[in-house]
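Structure file entry25.txt with compact mmCIF, N, CA, C and O atoms:
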```txt
# COMPACT_ATOMS: atom_id res chain seq x y z
N MET A 1189 13.97 2.95 23.83
CA MET A 1189 14.87 3.89 23.20
C MET A 1189 14.07 5.09 22.70
O MET A 1189 13.00 4.93 22.13
N ILE A 1190 14.60 6.26 22.91
CA ILE A 1190 13.94 7.49 22.49
C ILE A 1190 14.32 7.80 21.05
O ILE A 1190 15.50 7.81 20.69
N ASP A 1191 13.32 8.07 20.24
CA ASP A 1191 13.54 8.42 18.84
C ASP A 1191 13.68 9.94 18.75
O ASP A 1191 12.74 10.67 19.03
N LEU A 1192 14.86 10.40 18.41
CA LEU A 1192 15.10 11.84 18.34
C LEU A 1192 14.49 12.46 17.10
O LEU A 1192 14.32 13.67 17.04
N TYR A 1193 14.21 11.67 16.11
CA TYR A 1193 13.57 12.18 14.90
C TYR A 1193 12.26 11.45 14.70
O TYR A 1193 12.23 10.30 14.29
N GLN A 1194 11.19 12.12 14.99
CA GLN A 1194 9.86 11.53 14.79
C GLN A 1194 9.33 12.02 13.45
O GLN A 1194 9.31 13.21 13.18
N LYS A 1195 8.92 11.10 12.61
CA LYS A 1195 8.40 11.45 11.30
C LYS A 1195 7.06 12.15 11.42
O LYS A 1195 6.29 11.88 12.34
N THR A 1196 6.79 13.01 10.47
CA THR A 1196 5.49 13.68 10.42
C THR A 1196 4.48 12.75 9.78
O THR A 1196 4.84 11.77 9.12
N TRP A 1197 3.20 13.07 9.94
CA TRP A 1197 2.14 12.27 9.32
C TRP A 1197 2.32 12.26 7.81
O TRP A 1197 2.08 11.25 7.15
N ASN A 1198 2.76 13.37 7.25
CA ASN A 1198 2.93 13.46 5.80
C ASN A 1198 4.07 12.55 5.32
O ASN A 1198 3.95 11.89 4.29
N GLU A 1199 5.16 12.52 6.08
CA GLU A 1199 6.28 11.65 5.72
C GLU A 1199 5.87 10.18 5.77
O GLU A 1199 6.24 9.39 4.89
N ILE A 1200 5.12 9.82 6.79
CA ILE A 1200 4.66 8.43 6.92
C ILE A 1200 3.73 8.07 5.77
O ILE A 1200 3.87 7.02 5.15
N ASN A 1201 2.77 8.94 5.47
CA ASN A 1201 1.82 8.68 4.37
C ASN A 1201 2.55 8.55 3.04
O ASN A 1201 2.23 7.67 2.24
N THR A 1202 3.52 9.42 2.81
CA THR A 1202 4.28 9.37 1.55
C THR A 1202 5.07 8.08 1.46
O THR A 1202 5.12 7.44 0.40
N GLN A 1203 5.65 7.65 2.57
CA GLN A 1203 6.41 6.40 2.60
C GLN A 1203 5.51 5.21 2.29
O GLN A 1203 5.87 4.31 1.51
N ILE A 1204 4.33 5.19 2.88
CA ILE A 1204 3.37 4.10 2.63
C ILE A 1204 2.94 4.11 1.17
O ILE A 1204 2.87 3.06 0.53
N ALA A 1205 2.69 5.28 0.63
CA ALA A 1205 2.30 5.38 -0.79
C ALA A 1205 3.40 4.83 -1.69
O ALA A 1205 3.11 4.09 -2.64
N HIS A 1206 4.65 5.14 -1.38
CA HIS A 1206 5.76 4.63 -2.20
C HIS A 1206 5.86 3.10 -2.11
O HIS A 1206 6.17 2.43 -3.10
N ARG A 1207 5.58 2.56 -0.94
CA ARG A 1207 5.60 1.09 -0.80
C ARG A 1207 4.49 0.46 -1.64
O ARG A 1207 4.70 -0.58 -2.28
N MET A 1208 3.32 1.09 -1.64
CA MET A 1208 2.21 0.57 -2.46
C MET A 1208 2.54 0.66 -3.95
O MET A 1208 2.21 -0.24 -4.72
N ILE A 1209 3.19 1.74 -4.36
CA ILE A 1209 3.62 1.89 -5.76
C ILE A 1209 4.56 0.75 -6.13
O ILE A 1209 4.44 0.14 -7.19
N GLN A 1210 5.52 0.47 -5.25
CA GLN A 1210 6.48 -0.60 -5.51
C GLN A 1210 5.78 -1.94 -5.67
O GLN A 1210 6.11 -2.73 -6.56
N ILE A 1211 4.81 -2.22 -4.81
CA ILE A 1211 4.06 -3.48 -4.91
C ILE A 1211 3.29 -3.52 -6.22
O ILE A 1211 3.30 -4.53 -6.92
N ARG A 1212 2.62 -2.42 -6.55
CA ARG A 1212 1.84 -2.37 -7.80
C ARG A 1212 2.73 -2.61 -9.01
O ARG A 1212 2.41 -3.42 -9.88
N LYS A 1213 3.87 -1.95 -9.04
CA LYS A 1213 4.78 -2.10 -10.18
C LYS A 1213 5.41 -3.49 -10.23
O LYS A 1213 5.59 -4.06 -11.30
N ARG A 1214 5.75 -4.02 -9.05
CA ARG A 1214 6.34 -5.36 -8.99
C ARG A 1214 5.37 -6.40 -9.55
O ARG A 1214 5.78 -7.37 -10.18
N ARG A 1215 4.08 -6.17 -9.33
CA ARG A 1215 3.06 -7.09 -9.83
C ARG A 1215 2.60 -6.74 -11.23
O ARG A 1215 1.66 -7.36 -11.74
N LYS A 1216 3.23 -5.72 -11.81
CA LYS A 1216 2.95 -5.30 -13.19
C LYS A 1216 1.48 -4.94 -13.39
O LYS A 1216 0.83 -5.38 -14.34
N ILE A 1217 0.98 -4.13 -12.47
CA ILE A 1217 -0.40 -3.67 -12.53
C ILE A 1217 -0.37 -2.17 -12.80
O ILE A 1217 0.31 -1.42 -12.08
N SER A 1218 -1.07 -1.73 -13.82
CA SER A 1218 -1.12 -0.30 -14.12
C SER A 1218 -2.02 0.42 -13.13
O SER A 1218 -2.83 -0.21 -12.44
N GLN A 1219 -1.90 1.72 -13.07
CA GLN A 1219 -2.78 2.50 -12.19
C GLN A 1219 -4.23 2.29 -12.60
O GLN A 1219 -5.10 2.12 -11.75
N LYS A 1220 -4.47 2.31 -13.89
CA LYS A 1220 -5.84 2.14 -14.41
C LYS A 1220 -6.41 0.79 -14.00
O LYS A 1220 -7.56 0.68 -13.57
N GLU A 1221 -5.59 -0.25 -14.11
CA GLU A 1221 -6.04 -1.59 -13.74
C GLU A 1221 -6.30 -1.71 -12.24
O GLU A 1221 -7.29 -2.30 -11.82
N LEU A 1222 -5.41 -1.12 -11.43
CA LEU A 1222 -5.60 -1.18 -9.98
C LEU A 1222 -6.86 -0.41 -9.58
O LEU A 1222 -7.61 -0.88 -8.72
N ALA A 1223 -7.10 0.71 -10.21
CA ALA A 1223 -8.31 1.48 -9.92
C ALA A 1223 -9.55 0.64 -10.23
O ALA A 1223 -10.49 0.58 -9.44
N ALA A 1224 -9.53 -0.04 -11.36
CA ALA A 1224 -10.67 -0.87 -11.75
C ALA A 1224 -10.85 -2.05 -10.79
O ALA A 1224 -11.97 -2.37 -10.38
N ARG A 1225 -9.76 -2.71 -10.44
CA ARG A 1225 -9.83 -3.87 -9.53
C ARG A 1225 -10.35 -3.49 -8.15
O ARG A 1225 -11.04 -4.26 -7.50
N SER A 1226 -9.94 -2.31 -7.69
CA SER A 1226 -10.23 -1.91 -6.31
C SER A 1226 -11.54 -1.15 -6.15
O SER A 1226 -12.09 -1.09 -5.05
N GLY A 1227 -12.00 -0.54 -7.23
CA GLY A 1227 -13.18 0.31 -7.13
C GLY A 1227 -12.85 1.71 -6.65
O GLY A 1227 -13.74 2.50 -6.34
N VAL A 1228 -11.58 2.04 -6.60
CA VAL A 1228 -11.11 3.38 -6.23
C VAL A 1228 -10.92 4.15 -7.53
O VAL A 1228 -10.40 3.62 -8.51
N SER A 1229 -11.37 5.40 -7.55
CA SER A 1229 -11.24 6.17 -8.78
C SER A 1229 -9.77 6.35 -9.16
O SER A 1229 -8.89 6.39 -8.29
N LEU A 1230 -9.53 6.45 -10.45
CA LEU A 1230 -8.17 6.63 -10.93
C LEU A 1230 -7.58 7.93 -10.37
O LEU A 1230 -6.41 7.98 -9.99
N GLY A 1231 -8.39 8.96 -10.27
CA GLY A 1231 -7.93 10.23 -9.70
C GLY A 1231 -7.48 10.09 -8.25
O GLY A 1231 -6.45 10.65 -7.85
N SER A 1232 -8.25 9.35 -7.47
CA SER A 1232 -7.88 9.12 -6.06
C SER A 1232 -6.60 8.32 -5.95
O SER A 1232 -5.74 8.61 -5.10
N LEU A 1233 -6.46 7.32 -6.81
CA LEU A 1233 -5.24 6.51 -6.80
C LEU A 1233 -4.03 7.36 -7.17
O LEU A 1233 -2.99 7.30 -6.51
N LYS A 1234 -4.16 8.18 -8.21
CA LYS A 1234 -3.05 9.04 -8.61
C LYS A 1234 -2.69 10.02 -7.51
O LYS A 1234 -1.51 10.25 -7.23
N ARG A 1235 -3.70 10.61 -6.87
CA ARG A 1235 -3.44 11.55 -5.77
C ARG A 1235 -2.72 10.84 -4.63
O ARG A 1235 -1.76 11.37 -4.06
N PHE A 1236 -3.16 9.63 -4.31
CA PHE A 1236 -2.51 8.86 -3.25
C PHE A 1236 -1.04 8.59 -3.58
O PHE A 1236 -0.15 8.80 -2.75
N GLU A 1237 -0.79 8.16 -4.80
CA GLU A 1237 0.59 7.84 -5.18
C GLU A 1237 1.48 9.08 -5.22
O GLU A 1237 2.67 8.98 -4.99
N GLN A 1238 0.91 10.23 -5.48
CA GLN A 1238 1.69 11.47 -5.54
C GLN A 1238 1.86 12.13 -4.17
O GLN A 1238 2.91 12.68 -3.87
N SER A 1239 0.81 12.07 -3.34
CA SER A 1239 0.84 12.85 -2.10
C SER A 1239 0.69 12.02 -0.82
O SER A 1239 0.94 12.53 0.27
N GLY A 1240 0.24 10.77 -0.95
CA GLY A 1240 -0.02 9.95 0.23
C GLY A 1240 -1.40 10.20 0.82
O GLY A 1240 -1.75 9.61 1.84
N GLU A 1241 -2.21 11.05 0.18
CA GLU A 1241 -3.54 11.36 0.70
C GLU A 1241 -4.60 10.43 0.12
O GLU A 1241 -4.71 10.29 -1.10
N ILE A 1242 -5.36 9.79 1.02
CA ILE A 1242 -6.42 8.88 0.59
C ILE A 1242 -7.29 8.57 1.81
O ILE A 1242 -6.82 8.63 2.95
N SER A 1243 -8.53 8.24 1.57
CA SER A 1243 -9.40 7.85 2.69
C SER A 1243 -8.99 6.45 3.15
O SER A 1243 -8.43 5.66 2.38
N LEU A 1244 -9.32 6.14 4.38
CA LEU A 1244 -9.01 4.81 4.91
C LEU A 1244 -9.76 3.74 4.12
O LEU A 1244 -9.20 2.67 3.82
N GLN A 1245 -10.99 4.02 3.76
CA GLN A 1245 -11.79 3.06 2.99
C GLN A 1245 -11.13 2.76 1.65
O GLN A 1245 -10.98 1.60 1.26
N SER A 1246 -10.70 3.79 0.94
CA SER A 1246 -10.05 3.58 -0.36
C SER A 1246 -8.71 2.89 -0.19
O SER A 1246 -8.34 2.02 -0.99
N PHE A 1247 -7.97 3.24 0.86
CA PHE A 1247 -6.69 2.59 1.12
C PHE A 1247 -6.89 1.10 1.34
O PHE A 1247 -6.14 0.27 0.81
N THR A 1248 -7.90 0.75 2.11
CA THR A 1248 -8.20 -0.66 2.37
C THR A 1248 -8.58 -1.38 1.08
O THR A 1248 -8.15 -2.51 0.84
N LYS A 1249 -9.36 -0.73 0.23
CA LYS A 1249 -9.73 -1.33 -1.05
C LYS A 1249 -8.50 -1.59 -1.91
O LYS A 1249 -8.39 -2.64 -2.56
N LEU A 1250 -7.56 -0.66 -1.92
CA LEU A 1250 -6.32 -0.85 -2.68
C LEU A 1250 -5.51 -2.01 -2.11
O LEU A 1250 -4.97 -2.83 -2.87
N ALA A 1251 -5.43 -2.09 -0.79
CA ALA A 1251 -4.69 -3.18 -0.15
C ALA A 1251 -5.29 -4.54 -0.52
O ALA A 1251 -4.56 -5.49 -0.81
N ILE A 1252 -6.61 -4.62 -0.52
CA ILE A 1252 -7.27 -5.87 -0.89
C ILE A 1252 -6.99 -6.21 -2.34
O ILE A 1252 -6.66 -7.36 -2.67
N ALA A 1253 -7.06 -5.22 -3.21
CA ALA A 1253 -6.81 -5.46 -4.64
C ALA A 1253 -5.36 -5.89 -4.89
O ALA A 1253 -5.10 -6.66 -5.81
N LEU A 1254 -4.44 -5.41 -4.06
CA LEU A 1254 -3.03 -5.81 -4.20
C LEU A 1254 -2.70 -7.05 -3.38
O LEU A 1254 -1.57 -7.51 -3.35
N GLU A 1255 -3.72 -7.59 -2.69
CA GLU A 1255 -3.59 -8.79 -1.87
C GLU A 1255 -2.58 -8.62 -0.73
O GLU A 1255 -1.80 -9.51 -0.42
N VAL A 1256 -2.64 -7.45 -0.08
CA VAL A 1256 -1.79 -7.20 1.09
C VAL A 1256 -2.64 -6.82 2.30
O VAL A 1256 -2.17 -6.21 3.26
N GLU A 1257 -3.91 -7.24 2.28
CA GLU A 1257 -4.81 -6.90 3.37
C GLU A 1257 -4.41 -7.52 4.71
O GLU A 1257 -4.74 -6.99 5.77
N LYS A 1258 -3.69 -8.63 4.68
CA LYS A 1258 -3.24 -9.27 5.93
C LYS A 1258 -2.35 -8.32 6.73
O LYS A 1258 -2.39 -8.31 7.96
N GLU A 1259 -1.55 -7.53 6.01
CA GLU A 1259 -0.69 -6.56 6.68
C GLU A 1259 -1.53 -5.51 7.40
O GLU A 1259 -1.19 -5.07 8.49
N LEU A 1260 -2.63 -5.10 6.79
CA LEU A 1260 -3.53 -4.15 7.45
C LEU A 1260 -4.22 -4.78 8.65
O LEU A 1260 -4.38 -4.14 9.69
N GLU A 1261 -4.64 -6.02 8.50
CA GLU A 1261 -5.34 -6.70 9.59
C GLU A 1261 -4.45 -6.87 10.82
O GLU A 1261 -4.95 -6.89 11.94
N SER A 1262 -3.15 -6.96 10.62
CA SER A 1262 -2.25 -7.14 11.76
C SER A 1262 -1.71 -5.82 12.29
O SER A 1262 -1.00 -5.80 13.30
N LEU A 1263 -2.07 -4.71 11.65
CA LEU A 1263 -1.62 -3.40 12.09
C LEU A 1263 -2.06 -3.14 13.53
O LEU A 1263 -3.23 -3.35 13.87
N PHE A 1264 -1.16 -2.73 14.37
CA PHE A 1264 -1.39 -2.42 15.79
C PHE A 1264 -1.75 -3.65 16.63
O PHE A 1264 -2.17 -3.50 17.77
N SER A 1265 -1.59 -4.84 16.12
CA SER A 1265 -1.97 -6.03 16.89
C SER A 1265 -0.97 -6.35 17.99
O SER A 1265 -1.33 -6.97 18.98
N GLU A 1266 0.27 -5.95 17.84
CA GLU A 1266 1.29 -6.25 18.85
C GLU A 1266 2.06 -5.00 19.23
O GLU A 1266 3.29 -4.95 19.11
N VAL A 1267 1.36 -4.00 19.68
CA VAL A 1267 1.98 -2.74 20.08
C VAL A 1267 2.56 -2.91 21.48
O VAL A 1267 1.83 -3.26 22.41
N PRO A 1268 3.86 -2.65 21.64
CA PRO A 1268 4.45 -2.78 22.97
C PRO A 1268 3.95 -1.68 23.90
O PRO A 1268 3.57 -0.60 23.47
N PHE A 1269 3.96 -1.97 25.20
CA PHE A 1269 3.60 -0.96 26.19
C PHE A 1269 4.66 0.13 26.18
O PHE A 1269 5.84 -0.15 26.02
N SER A 1270 4.22 1.36 26.37
CA SER A 1270 5.16 2.49 26.35
C SER A 1270 5.60 2.91 27.75
O SER A 1270 6.53 3.69 27.89
N SER A 1271 4.93 2.40 28.78
CA SER A 1271 5.30 2.76 30.15
C SER A 1271 4.75 1.72 31.12
O SER A 1271 3.87 0.94 30.78
N ILE A 1272 5.23 1.75 32.34
CA ILE A 1272 4.73 0.84 33.38
C ILE A 1272 3.28 1.18 33.71
O ILE A 1272 2.47 0.29 33.99
N GLU A 1273 2.93 2.47 33.64
CA GLU A 1273 1.55 2.88 33.89
C GLU A 1273 0.61 2.25 32.87
O GLU A 1273 -0.50 1.83 33.22
N GLU A 1274 1.05 2.19 31.65
CA GLU A 1274 0.23 1.58 30.61
C GLU A 1274 0.04 0.09 30.86
O GLU A 1274 -1.04 -0.45 30.64
N VAL A 1275 1.06 -0.58 31.35
CA VAL A 1275 0.97 -2.00 31.68
C VAL A 1275 -0.06 -2.20 32.79
O VAL A 1275 -0.94 -3.05 32.71
N ILE A 1276 0.06 -1.38 33.83
CA ILE A 1276 -0.87 -1.49 34.96
C ILE A 1276 -2.29 -1.19 34.53
O ILE A 1276 -3.22 -1.92 34.88
N HIS A 1277 -2.48 -0.15 33.77
CA HIS A 1277 -3.81 0.21 33.29
C HIS A 1277 -4.39 -0.88 32.39
O HIS A 1277 -5.56 -1.20 32.47
N GLY A 1278 -3.55 -1.49 31.57
CA GLY A 1278 -4.00 -2.56 30.69
C GLY A 1278 -4.42 -3.80 31.43
O GLY A 1278 -5.30 -4.54 30.98
N GLN A 1279 -3.84 -4.05 32.60
CA GLN A 1279 -4.19 -5.23 33.40
C GLN A 1279 -5.48 -5.03 34.16
O GLN A 1279 -6.13 -5.98 34.55
N ASN A 1280 -5.88 -3.78 34.37
CA ASN A 1280 -7.11 -3.48 35.12
C ASN A 1280 -8.36 -3.65 34.27
O ASN A 1280 -9.44 -3.54 34.78
N LYS A 1281 -8.23 -3.90 33.03
CA LYS A 1281 -9.41 -4.02 32.15
C LYS A 1281 -9.92 -5.41 32.11
O LYS A 1281 -9.38 -6.38 32.35
```
Could you rewrite the structure in this file as structure tokens?
Amino acid sequence: MIDLYQKTWNEINTQIAHRMIQIRKRRKISQKELAARSGVSLGSLKRFEQSGEISLQSFTKLAIALEVEKELESLFSEVPFSSIEEVIHGQNK
């Protein structure tokens, strides 16, 4: 199925940041506490929660501190083929 509305990188990052905020709040962890647990600076955490901007390393540290690293580990593990050419190319490896 063709997606007529493709999200921008900024929309995706913001959505992910909001999901992380929800997890943090659900677990009753303050920003200060999450920063301390993860080793990510409080400023970086606040910027991430406001804008979705963060390094991959810091994002991974936050995921580990929130105990959601399994979701990161499975990211892209079952990506469907997008075309028959991709299937053929994938079989040649």
Worksheet item: Between atom O of Ile1217 of chain A and atom CA of Ser1229 of chain A, what is the spacing in Å?
Response: 14.2 Å
Practice prompt. Find the residues around segment 1238-1252 of chain A up to 6 Å (only N, CA, C and O atoms counted), leave out those fewer than 6 positions away in its own chain, and share them as a list in words.
Written response: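 Returned residues: Asn1198, Asn1201, Thr1202, Ala1205, Arg1225, Ser1226, Val1228 and Ser1232 of chain A.
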Practice prompt. For atom N of Gly1227 of chain A and atom CA of Leu1254 of chain A, determine how far apart the two atoms are, in Å to one decimal place.
Written response: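 Going from atom N of Gly1227 of chain A over to atom CA of Leu1254 of chain A, I get 10.8 Å.
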Fill in: Between atom C of Lys1234 of chain A and atom CA of Gln1203 of chain A - distance in Å to one decimal
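These two atoms are separated by 14.1 Å.
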Discussion item. Can you pull out every residue from chain A that DSSP, working from the backbone, puts in helix (DSSP H, G or I), and format the result as a PyMOL selection string?
Written reply: chain A and resi 1197-1214+1219-1226+1230-1239+1244-1253+1257-1261+1272-1279
Enclosing box along x, y and z for every listed atom of segment 1265-1271 of chain A, padded 6 Å each side, centre and size in Å, one decimal, as JSON:
```
{"center_x": 2.3, "center_y": -1.6, "center_z": 23.6, "size_x": 20.5, "size_y": 22.7, "size_z": 27.0}
```
Worksheet item: Quick one: of A:Ile1211, A:Gln1194, A:Ile1200, A:Gln1219, who's nearest to Gly1231 of chain A, counting only C-alpha atoms?
Response: A:Gln1219
